[in-house]
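entry-v9.pdb (PDB, C-alpha atoms)
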ATOM      1  CA  MET B  26       0.000   0.000   0.000
ATOM      2  CA  GLU B  27       2.761   2.435   0.912
ATOM      3  CA  GLY B  28       4.565   1.777  -2.384
ATOM      4  CA  ARG B  29       1.388   2.366  -4.414
ATOM      5  CA  ARG B  30       0.755   5.620  -2.598
ATOM      6  CA  SER B  31       4.304   6.756  -3.238
ATOM      7  CA  GLN B  32       3.864   6.048  -6.965
ATOM      8  CA  GLY B  33       0.538   7.861  -6.927
ATOM      9  CA  TYR B  34       2.207  10.826  -5.292
ATOM     10  CA  ARG B  35       4.848  10.942  -8.039
ATOM     11  CA  ASP B  36       2.167  10.654 -10.746
ATOM     12  CA  TRP B  37       0.217  13.443  -9.074
ATOM     13  CA  ARG B  38       3.235  15.721  -8.969
ATOM     14  CA  ARG B  39       3.931  14.988 -12.636
ATOM     15  CA  LYS B  40       0.374  15.891 -13.651
ATOM     16  CA  LEU B  41       0.543  19.045 -11.573
ATOM     17  CA  ALA B  42       3.823  20.100 -13.187
ATOM     18  CA  TYR B  43       2.460  19.736 -16.732
ATOM     19  CA  SER B  44      -1.168  20.795 -16.248
ATOM     20  CA  PRO B  45      -2.386  23.901 -18.089
ATOM     21  CA  PRO B  46      -2.711  27.142 -16.147
ATOM     22  CA  VAL B  47      -5.574  27.085 -13.689
ATOM     23  CA  HIS B  48      -7.095  29.517 -11.290
ATOM     24  CA  SER B  49      -4.794  30.240  -8.321
ATOM     25  CA  SER B  50      -7.311  29.002  -5.769
ATOM     26  CA  VAL B  51      -7.577  25.665  -7.581
ATOM     27  CA  ARG B  52      -3.820  25.394  -7.742
ATOM     28  CA  GLN B  53      -3.555  26.161  -4.025
ATOM     29  CA  THR B  54      -6.050  23.383  -3.369
ATOM     30  CA  TRP B  55      -3.953  20.953  -5.424
ATOM     31  CA  LEU B  56      -0.807  22.009  -3.618
ATOM     32  CA  GLY B  57      -2.545  21.583  -0.269
ATOM     33  CA  LEU B  58      -3.598  18.075  -1.199
ATOM     34  CA  VAL B  59      -0.062  17.240  -2.341
ATOM     35  CA  VAL B  60       1.398  18.455   0.941
ATOM     36  CA  ALA B  61      -1.224  16.559   2.924
ATOM     37  CA  LEU B  62      -0.510  13.354   1.017
ATOM     38  CA  ALA B  63       3.249  13.748   1.524
ATOM     39  CA  LEU B  64       2.747  14.265   5.254
ATOM     40  CA  CYS B  65       0.489  11.217   5.402
ATOM     41  CA  VAL B  66       3.078   9.007   3.689
ATOM     42  CA  ALA B  67       5.861  10.306   5.966
ATOM     43  CA  SER B  68       3.708   9.769   9.033
ATOM     44  CA  GLN B  69       2.963   6.179   8.063
ATOM     45  CA  ALA B  70       6.669   5.474   7.459
ATOM     46  CA  ALA B  71       7.617   6.920  10.861
ATOM     47  CA  GLY B  72       4.795   5.231  12.784
ATOM     48  CA  TYR B  73       4.975   1.697  11.416
ATOM     49  CA  HIS B  74       2.629  -0.754  13.100
ATOM     50  CA  ALA B  75       3.541  -4.418  12.986
ATOM     51  CA  PRO B  76       0.844  -6.858  11.869
ATOM     52  CA  ARG B  77      -0.859  -8.738  14.708
ATOM     53  CA  ASN B  78      -0.753 -12.483  15.205
ATOM     54  CA  VAL B  79      -3.692 -14.654  16.265
ATOM     55  CA  PHE B  80      -3.095 -13.626  19.896
ATOM     56  CA  GLY B  81      -3.301  -9.919  19.067
ATOM     57  CA  GLN B  82       0.420  -9.433  19.698
ATOM     58  CA  PRO B  83       2.771  -7.505  17.365
ATOM     59  CA  ASP B  84       4.071 -10.216  15.047
ATOM     60  CA  LEU B  85       7.834 -10.679  15.468
ATOM     61  CA  GLU B  86       7.882 -14.226  14.163
ATOM     62  CA  GLY B  87      10.314 -15.217  11.463
ATOM     63  CA  LEU B  88      13.968 -15.713  10.749
ATOM     64  CA  TRP B  89      16.227 -12.748  11.427
ATOM     65  CA  ASP B  90      19.893 -12.047  10.729
ATOM     66  CA  ASN B  91      21.957 -10.354  13.429
ATOM     67  CA  GLY B  92      25.339 -10.388  11.677
ATOM     68  CA  TRP B  93      27.094  -7.012  11.349
ATOM     69  CA  LEU B  94      30.607  -5.614  11.167
ATOM     70  CA  THR B  95      29.730  -3.061  13.841
ATOM     71  CA  PRO B  96      31.961  -3.525  16.922
ATOM     72  CA  LEU B  97      30.638  -3.414  20.462
ATOM     73  CA  GLU B  98      32.837  -0.454  21.441
ATOM     74  CA  ARG B  99      33.705   2.547  19.300
ATOM     75  CA  PRO B 100      37.213   2.269  17.827
ATOM     76  CA  PRO B 101      39.385   5.145  19.161
ATOM     77  CA  ARG B 102      40.113   6.506  15.681
ATOM     78  CA  PHE B 103      36.474   7.517  15.189
ATOM     79  CA  GLY B 104      35.086  10.606  16.851
ATOM     80  CA  SER B 105      31.476   9.423  16.759
ATOM     81  CA  ILE B 106      29.516   6.177  16.786
ATOM     82  CA  GLU B 107      28.029   7.210  13.410
ATOM     83  CA  LEU B 108      29.874   7.291  10.092
ATOM     84  CA  GLY B 109      29.087   9.161   6.895
ATOM     85  CA  ASP B 110      28.407   7.174   3.734
ATOM     86  CA  THR B 111      31.955   7.549   2.352
ATOM     87  CA  GLU B 112      33.615   6.455   5.601
ATOM     88  CA  ALA B 113      31.153   3.595   6.005
ATOM     89  CA  ARG B 114      31.777   2.244   2.515
ATOM     90  CA  ALA B 115      35.543   2.444   3.074
ATOM     91  CA  TYR B 116      35.207   0.541   6.370
ATOM     92  CA  GLU B 117      33.044  -2.114   4.750
ATOM     93  CA  ALA B 118      35.435  -2.519   1.827
ATOM     94  CA  HIS B 119      38.395  -3.093   4.150
ATOM     95  CA  PRO B 120      37.138  -4.057   7.617
ATOM     96  CA  PRO B 121      39.675  -4.597  10.394
ATOM     97  CA  PRO B 122      40.806  -8.237  10.485
ATOM     98  CA  VAL B 123      39.608 -10.459  13.282
ATOM     99  CA  VAL B 124      42.599 -10.815  15.608
ATOM    100  CA  THR B 125      42.589 -13.416  18.356
ATOM    101  CA  ASP B 126      45.203 -15.485  20.138
ATOM    102  CA  ASP B 127      43.393 -18.734  19.333
ATOM    103  CA  VAL B 128      45.097 -21.214  17.043
ATOM    104  CA  GLY B 129      43.624 -20.666  13.579
ATOM    105  CA  GLY B 130      41.422 -17.912  14.948
ATOM    106  CA  ASN B 131      42.509 -14.970  12.817
ATOM    107  CA  ASP B 132      42.019 -15.003   9.046
ATOM    108  CA  SER B 133      39.428 -17.709   8.615
ATOM    109  CA  GLU B 134      36.930 -18.710   5.971
ATOM    110  CA  ILE B 135      34.251 -19.304   8.622
ATOM    111  CA  TRP B 136      33.948 -15.746   9.960
ATOM    112  CA  GLU B 137      30.687 -14.318   8.682
ATOM    113  CA  MET B 138      29.494 -11.073  10.223
ATOM    114  CA  GLY B 139      27.313  -9.737   7.454
ATOM    115  CA  GLY B 140      29.854  -7.660   5.544
ATOM    116  CA  ARG B 141      28.143  -4.369   6.426
ATOM    117  CA  LEU B 142      27.948  -1.933   9.292
ATOM    118  CA  ALA B 143      24.605  -1.800  11.056
ATOM    119  CA  ARG B 144      22.472   1.164  10.036
ATOM    120  CA  ILE B 145      19.827   2.832  12.172
ATOM    121  CA  GLY B 146      17.848   5.700  10.730
ATOM    122  CA  GLY B 147      19.933   5.399   7.573
ATOM    123  CA  ARG B 148      23.179   6.161   9.435
ATOM    124  CA  ALA B 149      25.993   3.614   9.683
ATOM    125  CA  ARG B 150      27.027   2.703  13.214
ATOM    126  CA  VAL B 151      30.603   1.959  14.240
ATOM    127  CA  ALA B 152      29.635   1.026  17.812
ATOM    128  CA  ILE B 153      26.774  -0.942  19.323
ATOM    129  CA  ILE B 154      27.047   1.014  22.574
ATOM    130  CA  VAL B 155      25.150   4.311  22.460
ATOM    131  CA  ASP B 156      25.396   5.228  26.160
ATOM    132  CA  PRO B 157      27.944   6.259  27.418
ATOM    133  CA  ALA B 158      28.251   8.655  24.509
ATOM    134  CA  ASP B 159      31.883   7.695  23.888
ATOM    135  CA  GLY B 160      30.710   4.203  22.924
ATOM    136  CA  THR B 161      32.885   2.345  25.451
ATOM    137  CA  LEU B 162      32.145  -0.036  28.320
ATOM    138  CA  PRO B 163      32.036   1.977  31.597
ATOM    139  CA  TYR B 164      33.941  -0.502  33.766
ATOM    140  CA  SER B 165      34.678   0.351  37.359
ATOM    141  CA  LYS B 166      38.231  -0.425  38.476
ATOM    142  CA  ALA B 167      37.050  -3.494  40.374
ATOM    143  CA  GLY B 168      34.848  -4.535  37.465
ATOM    144  CA  ARG B 169      37.675  -4.305  34.964
ATOM    145  CA  ARG B 170      39.961  -6.350  37.219
ATOM    146  CA  ARG B 171      37.287  -9.011  37.521
ATOM    147  CA  ALA B 172      36.650  -9.062  33.772
ATOM    148  CA  GLU B 173      40.373  -9.380  33.022
ATOM    149  CA  ALA B 174      40.759 -12.170  35.578
ATOM    150  CA  VAL B 175      37.887 -14.173  34.094
ATOM    151  CA  LEU B 176      39.215 -13.745  30.564
ATOM    152  CA  HIS B 177      42.754 -14.662  31.667
ATOM    153  CA  ALA B 178      41.465 -17.818  33.321
ATOM    154  CA  VAL B 179      39.590 -18.889  30.200
ATOM    155  CA  LYS B 180      42.576 -18.272  27.955
ATOM    156  CA  SER B 181      45.511 -19.404  30.052
ATOM    157  CA  GLU B 182      44.459 -21.972  32.655
ATOM    158  CA  PHE B 183      44.745 -25.536  31.368
ATOM    159  CA  ASP B 184      44.664 -27.645  34.538
ATOM    160  CA  ASN B 185      40.915 -28.101  34.691
ATOM    161  CA  PRO B 186      38.448 -28.412  31.813
ATOM    162  CA  GLU B 187      35.847 -26.690  33.993
ATOM    163  CA  ARG B 188      37.904 -23.483  33.732
ATOM    164  CA  ARG B 189      37.624 -23.398  29.961
ATOM    165  CA  SER B 190      34.832 -21.376  28.331
ATOM    166  CA  THR B 191      31.349 -22.809  28.004
ATOM    167  CA  SER B 192      31.717 -22.521  24.229
ATOM    168  CA  GLU B 193      34.814 -24.746  24.272
ATOM    169  CA  GLN B 194      32.899 -27.239  26.370
ATOM    170  CA  CYS B 195      29.932 -27.147  23.933
ATOM    171  CA  LEU B 196      27.675 -26.179  26.823
ATOM    172  CA  ALA B 197      26.490 -22.685  25.919
ATOM    173  CA  ALA B 198      27.514 -20.121  23.338
ATOM    174  CA  ASN B 199      29.027 -16.981  24.817
ATOM    175  CA  THR B 200      27.155 -14.828  22.278
ATOM    176  CA  ILE B 201      23.683 -15.899  23.455
ATOM    177  CA  GLY B 202      23.633 -13.131  26.057
ATOM    178  CA  PRO B 203      21.561 -11.376  26.900
ATOM    179  CA  PRO B 204      22.259  -8.956  25.427
ATOM    180  CA  MET B 205      22.088 -10.860  22.139
ATOM    181  CA  LEU B 206      24.997  -9.450  20.168
ATOM    182  CA  ILE B 207      27.068 -10.492  17.163
ATOM    183  CA  GLY B 208      28.624 -13.895  16.624
ATOM    184  CA  LEU B 209      31.626 -14.506  14.418
ATOM    185  CA  TYR B 210      29.298 -16.656  12.330
ATOM    186  CA  ALA B 211      25.880 -18.411  12.511
ATOM    187  CA  ASN B 212      23.969 -15.201  13.290
ATOM    188  CA  ASN B 213      20.451 -16.363  12.417
ATOM    189  CA  ILE B 214      17.791 -15.932  15.109
ATOM    190  CA  GLN B 215      14.373 -17.557  14.798
ATOM    191  CA  ILE B 216      11.506 -16.029  16.774
ATOM    192  CA  VAL B 217       8.378 -18.040  17.618
ATOM    193  CA  GLN B 218       5.461 -16.632  19.638
ATOM    194  CA  THR B 219       2.727 -18.220  21.720
ATOM    195  CA  ARG B 220       0.236 -16.639  24.073
ATOM    196  CA  GLU B 221       2.413 -17.475  27.081
ATOM    197  CA  ALA B 222       5.954 -17.180  25.720
ATOM    198  CA  VAL B 223       8.324 -15.869  23.083
ATOM    199  CA  VAL B 224      11.036 -18.303  21.992
ATOM    200  CA  LEU B 225      14.372 -17.063  20.600
ATOM    201  CA  THR B 226      16.397 -19.777  18.887
ATOM    202  CA  LEU B 227      19.965 -18.977  17.879
ATOM    203  CA  GLU B 228      21.725 -20.772  15.062
ATOM    204  CA  TRP B 229      24.977 -20.713  17.022
ATOM    205  CA  ASN B 230      25.058 -23.824  19.197
ATOM    206  CA  HIS B 231      21.255 -24.159  18.689
ATOM    207  CA  GLU B 232      20.696 -22.137  21.863
ATOM    208  CA  VAL B 233      17.101 -21.467  22.929
ATOM    209  CA  ARG B 234      15.895 -18.638  25.146
ATOM    210  CA  ILE B 235      12.318 -18.897  26.418
ATOM    211  CA  VAL B 236      10.780 -15.608  27.554
ATOM    212  CA  ARG B 237       7.771 -16.128  29.839
ATOM    213  CA  LEU B 238       4.917 -13.679  29.330
ATOM    214  CA  GLY B 239       2.291 -12.538  31.806
ATOM    215  CA  ASP B 240       3.945 -13.209  35.166
ATOM    216  CA  ARG B 241       6.877 -10.868  35.803
ATOM    217  CA  ARG B 242       8.143 -12.765  38.847
ATOM    218  CA  HIS B 243      11.607 -14.256  38.445
ATOM    219  CA  LEU B 244      12.814 -17.648  39.586
ATOM    220  CA  PRO B 245      14.261 -17.986  43.116
ATOM    221  CA  ALA B 246      17.772 -16.559  43.338
ATOM    222  CA  ALA B 247      19.289 -20.028  43.745
ATOM    223  CA  ILE B 248      18.068 -21.095  40.272
ATOM    224  CA  ARG B 249      20.404 -19.665  37.626
ATOM    225  CA  PRO B 250      19.957 -20.845  34.017
ATOM    226  CA  TRP B 251      22.859 -20.511  31.574
ATOM    227  CA  SER B 252      21.463 -17.346  29.977
ATOM    228  CA  GLY B 253      19.545 -16.076  33.003
ATOM    229  CA  ASP B 254      15.827 -16.037  33.750
ATOM    230  CA  ALA B 255      13.781 -14.000  31.257
ATOM    231  CA  VAL B 256      10.304 -12.575  31.732
ATOM    232  CA  GLY B 257       8.571 -10.350  29.207
ATOM    233  CA  TRP B 258       5.611  -8.127  28.511
ATOM    234  CA  TRP B 259       4.239  -5.972  25.705
ATOM    235  CA  GLU B 260       4.393  -2.176  25.700
ATOM    236  CA  GLY B 261       2.476  -1.132  22.596
ATOM    237  CA  GLU B 262       4.553  -2.196  19.597
ATOM    238  CA  THR B 263       7.477  -3.372  21.721
ATOM    239  CA  LEU B 264       8.329  -6.656  23.416
ATOM    240  CA  VAL B 265      10.173  -5.842  26.646
ATOM    241  CA  VAL B 266      12.298  -8.593  28.220
ATOM    242  CA  GLU B 267      13.887  -8.426  31.672
ATOM    243  CA  THR B 268      16.585 -10.983  32.505
ATOM    244  CA  THR B 269      18.160 -11.684  35.907
ATOM    245  CA  ASN B 270      19.571 -14.773  37.701
ATOM    246  CA  PHE B 271      22.576 -15.143  35.426
ATOM    247  CA  GLY B 272      24.711 -18.249  35.736
ATOM    248  CA  ALA B 273      28.166 -17.578  37.139
ATOM    249  CA  ARG B 274      29.857 -19.768  34.522
ATOM    250  CA  GLN B 275      28.345 -17.988  31.533
ATOM    251  CA  ALA B 276      31.328 -15.638  31.310
ATOM    252  CA  PRO B 277      32.980 -14.012  29.583
ATOM    253  CA  LEU B 278      30.452 -12.992  26.931
ATOM    254  CA  ARG B 279      31.291 -11.933  23.371
ATOM    255  CA  SER B 280      30.271  -9.654  20.551
ATOM    256  CA  GLY B 281      32.273 -10.652  17.498
ATOM    257  CA  PRO B 282      35.912 -10.847  18.620
ATOM    258  CA  GLU B 283      35.322  -8.548  21.636
ATOM    259  CA  TYR B 284      34.811  -9.867  25.149
ATOM    260  CA  TYR B 285      32.868  -8.281  27.986
ATOM    261  CA  TYR B 286      31.752  -9.362  31.439
ATOM    262  CA  LEU B 287      28.508  -9.438  33.421
ATOM    263  CA  SER B 288      28.318 -10.458  37.043
ATOM    264  CA  PRO B 289      25.678 -12.981  38.167
ATOM    265  CA  GLU B 290      23.770 -10.071  39.737
ATOM    266  CA  ALA B 291      23.356  -8.128  36.483
ATOM    267  CA  LYS B 292      19.979  -7.154  35.079
ATOM    268  CA  VAL B 293      19.445  -6.743  31.334
ATOM    269  CA  ILE B 294      16.404  -5.072  29.759
ATOM    270  CA  GLU B 295      15.837  -5.794  26.060
ATOM    271  CA  ARG B 296      13.351  -4.164  23.682
ATOM    272  CA  PHE B 297      12.265  -5.710  20.368
ATOM    273  CA  THR B 298      10.345  -3.323  18.111
ATOM    274  CA  ARG B 299       9.401  -4.196  14.547
ATOM    275  CA  THR B 300      10.059  -1.038  12.538
ATOM    276  CA  SER B 301       9.268  -2.350   9.035
ATOM    277  CA  PRO B 302       8.261  -5.606   7.343
ATOM    278  CA  THR B 303      11.960  -6.507   7.126
ATOM    279  CA  GLU B 304      13.520  -5.095  10.298
ATOM    280  CA  ILE B 305      13.385  -5.282  14.088
ATOM    281  CA  LEU B 306      15.109  -2.643  16.193
ATOM    282  CA  TYR B 307      16.844  -4.389  19.098
ATOM    283  CA  GLN B 308      17.723  -2.175  22.066
ATOM    284  CA  PHE B 309      19.096  -3.132  25.467
ATOM    285  CA  SER B 310      20.372  -1.770  28.757
ATOM    286  CA  VAL B 311      22.745  -3.426  31.226
ATOM    287  CA  GLU B 312      22.555  -2.674  34.953
ATOM    288  CA  ASP B 313      25.450  -4.222  36.869
ATOM    289  CA  PRO B 314      26.784  -2.042  39.739
ATOM    290  CA  ALA B 315      29.321  -4.711  40.693
ATOM    291  CA  THR B 316      31.024  -4.265  37.313
ATOM    292  CA  TYR B 317      30.125  -0.906  35.774
ATOM    293  CA  LEU B 318      29.997   2.701  36.874
ATOM    294  CA  GLN B 319      26.644   3.264  35.183
ATOM    295  CA  VAL B 320      23.892   1.563  33.233
ATOM    296  CA  TRP B 321      25.066   1.132  29.648
ATOM    297  CA  ARG B 322      22.911   0.846  26.551
ATOM    298  CA  GLY B 323      23.195  -0.352  22.995
ATOM    299  CA  GLU B 324      21.162  -1.065  19.882
ATOM    300  CA  LEU B 325      21.253  -3.035  16.659
ATOM    301  CA  PRO B 326      18.840  -3.759  13.818
ATOM    302  CA  MET B 327      17.826  -7.333  13.064
ATOM    303  CA  ARG B 328      17.008  -7.877   9.388
ATOM    304  CA  ALA B 329      14.674 -10.459   7.903
ATOM    305  CA  THR B 330      16.450 -13.219   6.006
ATOM    306  CA  THR B 331      15.538 -16.124   3.762
ATOM    307  CA  VAL B 332      18.875 -17.865   4.409
ATOM    308  CA  LYS B 333      18.162 -21.201   6.028
ATOM    309  CA  THR B 334      19.452 -22.058   9.476
ATOM    310  CA  PHE B 335      21.816 -25.023   9.498
ATOM    311  CA  GLU B 336      22.281 -27.591  12.219
ATOM    312  CA  PHE B 337      25.104 -26.530  14.519
ATOM    313  CA  ALA B 338      27.325 -29.436  15.545
ATOM    314  CA  CYS B 339      29.873 -28.585  18.231
ATOM    315  CA  HIS B 340      32.975 -30.794  18.185
ATOM    316  CA  GLU B 341      35.293 -28.759  20.388
ATOM    317  CA  GLY B 342      34.450 -30.872  23.431
ATOM    318  CA  ASN B 343      35.238 -34.046  21.499
ATOM    319  CA  TYR B 344      38.602 -33.022  20.075
ATOM    320  CA  ALA B 345      39.923 -29.568  20.879
ATOM    321  CA  LEU B 346      39.437 -29.650  24.645
ATOM    322  CA  PRO B 347      41.490 -32.840  25.214
ATOM    323  CA  ASP B 348      44.126 -31.415  22.874
ATOM    324  CA  ILE B 349      44.268 -28.168  24.879
ATOM    325  CA  LEU B 350      44.802 -30.052  28.134
ATOM    326  CA  ALA B 351      47.337 -32.443  26.540
ATOM    327  CA  GLY B 352      49.261 -29.506  25.093
ATOM    328  CA  ALA B 353      49.556 -27.930  28.525
ATOM    329  CA  ARG B 354      50.907 -31.201  29.964
ATOM    330  CA  ALA B 355      53.469 -31.348  27.157
ATOM    331  CA  VAL B 356      54.639 -27.834  28.040
ATOM    332  CA  GLU B 357      54.999 -28.856  31.681
ATOM    333  CA  ARG B 358      57.030 -31.938  30.807
ATOM    334  CA  ALA B 359      59.316 -29.879  28.584
ATOM    335  CA  ALA B 360      59.936 -27.454  31.452
ATOM    336  CA  LEU B 361      61.175 -30.283  33.676
ATOM    337  CA  ARG B 362      63.873 -31.454  31.292
TER     338      ARG B 362
END
Take the structure in the file and give it back as C-alpha cells.
Amino acid sequence: MEGRRSQGYRDWRRKLAYSPPVHSSVRQTWLGLVVALALCVASQAAGYHAPRNVFGQPDLEGLWDNGWLTPLERPPRFGSIELGDTEARAYEAHPPPVVTDDVGGNDSEIWEMGGRLARIGGRARVAIIVDPADGTLPYSKAGRRRAEAVLHAVKSEFDNPERRSTSEQCLAANTIGPPMLIGLYANNIQIVQTREAVVLTLEWNHEVRIVRLGDRRHLPAAIRPWSGDAVGWWEGETLVVETTNFGARQAPLRSGPEYYYLSPEAKVIERFTRTSPTEILYQFSVEDPATYLQVWRGELPMRATTVKTFEFACHEGNYALPDILAGARAVERAALR
C-alpha cells in the first residue's frame, strides 16, 4: 500500500507540473492536497505498526539475521559512533581483520558477520554502545579487574576443563547473552510466539531462550539458568524482556571478537520493536553495579532473512578440549627437562 501511494504521489506531482494554467485558488487546493498526502506518507513510514498475530500481539515471528561488522565499542580513531556514507563504505570494503590469540582464529573462511555496518535511521554505526556517549564499556576499576581475571582464566588456565569457556565445552555459546549481540558466524535468530511465551532460537550452538509472558516474577535466586531467567511483557509495539539470575559460569560474553563481562547479579532489559516488514530494532540496557559505573545501553537492527538455518554441531568438546589439556601437559614436561 505504501509503495502504491508513493507512486501515486509521483504521478500526481507529474500531472501538476504539466497541467495547463488554472485559477490560483484551484492550484492552491492541489498544492494543499499534495502536501497533505506527503505528510500522510511520511507519518505512516515513521509510525509503522507491525501486523498482529492470532493472539493480538505484534508479530515478530520469522527468521532474522543479526550479523554485522559493527563492533561493540567505538574504535578510538572515530570521533562518533556514526559514520558518513563515504567512511562507512571504506570501512566495509576493508574491515579490520579479526585478531585473536586462538590457534587458527585470525584469518578464517568461517567468519561471517554480514559484511556491512549496522544502520539505524539510515546512518551507519561503528559502535553498538550508544550510552555512554563515547561508545565504550564503563567498567569500574574493580569490574575491569574481575573481567580481566575471568578472561585470563579462560585463555591461560589448562589444569581443569571446567575453567575453559562454556563454548569450548559445547555447553552454551558466549554470544547468546543477553544482550544478544554479534557472533563470528551463525547469526540467524528464529523467533516463535505463543500466548504465554516468546522463543528465541539462535543458530549458534542451537541455543534457545524462552521468555515467559504474563507473570513478571523471576525464579528464586538459587536457580540460575545458563542465559539467566527472562520474563517479558508488551508495551504497545514493543516486546520488553527483563533478565536476571545469570549463571556464574556464563562468562565471559562476546560480541564478534570482543569480550565483555557481566556479574551474576546483572539485570538486562531488552526491547524488540518491529520497525518495518523486514527489520526489528533491538535495544538493550545493562545494569550491573558490581562491574560498571553506570547503566550502559546499545542497539542493533535485526534484518529479515531467507537464508536457512543449518544444524550446529559442536565438536570442540570431542577433540579440541582434550588437545588443549594435553598440550599444557606437554609444556609442563618440557619445562622439567
At a cut-off of 6 Å, using all atoms listed in the file, what residues contact Asp254 (chain B)? Leave out same-chain residues fewer than 4 positions from it and give the result as a PyMOL selection string. chain B and resi 268-270
Just-selected residues, C-alpha atoms written as a CSV table (one decimal), in the frame of the given file:
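Result saved to again00.csv:
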chain,number,residue,atom,x,y,z
B,268,THR,CA,16.6,-11.0,32.5
B,269,THR,CA,18.2,-11.7,35.9
B,270,ASN,CA,19.6,-14.8,37.7
Fewer than 3 positions away in the same chain doesn't count, so skip those; otherwise give me all residues within 8 Å of Ala149 (chain B), counting all atoms listed in the file, as a PDB file with C-alpha atoms, in the coordinates of the input.
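Writing done, so here's out21.pdb:
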ATOM      1  CA  GLU B 107      28.029   7.210  13.410  1.00  0.00           C
ATOM      2  CA  LEU B 108      29.874   7.291  10.092  1.00  0.00           C
ATOM      3  CA  GLY B 109      29.087   9.161   6.895  1.00  0.00           C
ATOM      4  CA  ASP B 110      28.407   7.174   3.734  1.00  0.00           C
ATOM      5  CA  ALA B 113      31.153   3.595   6.005  1.00  0.00           C
ATOM      6  CA  LEU B 142      27.948  -1.933   9.292  1.00  0.00           C
ATOM      7  CA  ALA B 143      24.605  -1.800  11.056  1.00  0.00           C
ATOM      8  CA  ARG B 144      22.472   1.164  10.036  1.00  0.00           C
ATOM      9  CA  ILE B 145      19.827   2.832  12.172  1.00  0.00           C
TER      10      ILE B 145
END
In Å to one decimal, how far is CA of Asp348 (chain B) from CA of Trp251 (chain B)?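 So the answer is 25.4 Å.
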List the residues sitting within 6 Å of (3.7, -7.2, 21.7) in the file's frame, using only C-alpha atoms, as an NGL selection string. :B and (82-83 or 259 or 262-264)
Choose the residue, out of B:Glu98, B:Glu193, B:Glu336, B:Glu232, that has the smallest atom-to-atom separation from Glu283 (chain B); count all atoms listed in the file. B:Glu98
May I have the residues within 12 Å of Glu182 (chain B) as a PyMOL selection string, using all atoms listed in the file and disregarding those fewer than 4 positions away in the same chain? chain B and resi 174-178+186-190+349-350+352-354
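Atom to atom, CA of Cys195 (chain B) and CA of Arg328 (chain B) stand 27.4 Å apart.
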When the PyMOL selection byres ((chain B and resi 285-295) around 6) is applied to the structure above, which residues does it catch, written out as JSON, numbers by chain? {"B": [172, 265, 266, 267, 268, 269, 271, 272, 273, 277, 278, 284, 296, 308, 309, 310, 311, 312, 313]}
Which residue out of B:Ala329, B:Ser301, B:Gly139, B:Thr95 has the minimum interatomic distance to Pro121 (chain B) when all atoms listed in the file are used?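 Comparing B:Ala329, B:Ser301, B:Gly139, B:Thr95 against Pro121 (chain B), the winner is B:Thr95.
Here CA of His231 (chain B) stands at a distance of 27.2 Å from CA of Ser181 (chain B).
Here, the PyMOL selection byres ((chain B and resi 89) around 9) matches B:Glu86, B:Gly87, B:Leu88, B:Asp90, B:Asn91, B:Asn212, B:Asn213, B:Ile214, B:Gln215, B:Ile216, B:Thr303, B:Glu304, B:Ile305, B:Met327, B:Arg328, B:Ala329, B:Thr330, B:Thr331.
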Pick out the closest residue to Arg148 (chain B) from this set: B:Pro302, B:Gly281, B:Gly257, B:Pro326. Count all atoms listed in the file.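 Ranking B:Pro302, B:Gly281, B:Gly257, B:Pro326 by distance to Arg148 (chain B), first place goes to B:Pro326.
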So which residues touch Glu117 (chain B) within 8 Å, counting only C-alpha atoms, skipping near sequence neighbours fewer than 3 positions away, as a list in words?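 Skipping anything fewer than 3 positions along the chain leaves Leu94, Ala113, Arg114, Pro120, Gly140, Arg141 and Leu142 of chain B.
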Next, the residues of the selection above should be written as a compact mmCIF listing (two decimals), keeping the file's coordinate frame with C-alpha atoms.
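result_15.txt, written as the output of this step:
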# COMPACT_ATOMS: atom_id res chain seq x y z
CA LEU B 94 30.61 -5.61 11.17
CA ALA B 113 31.15 3.60 6.00
CA ARG B 114 31.78 2.24 2.52
CA PRO B 120 37.14 -4.06 7.62
CA GLY B 140 29.85 -7.66 5.54
CA ARG B 141 28.14 -4.37 6.43
CA LEU B 142 27.95 -1.93 9.29
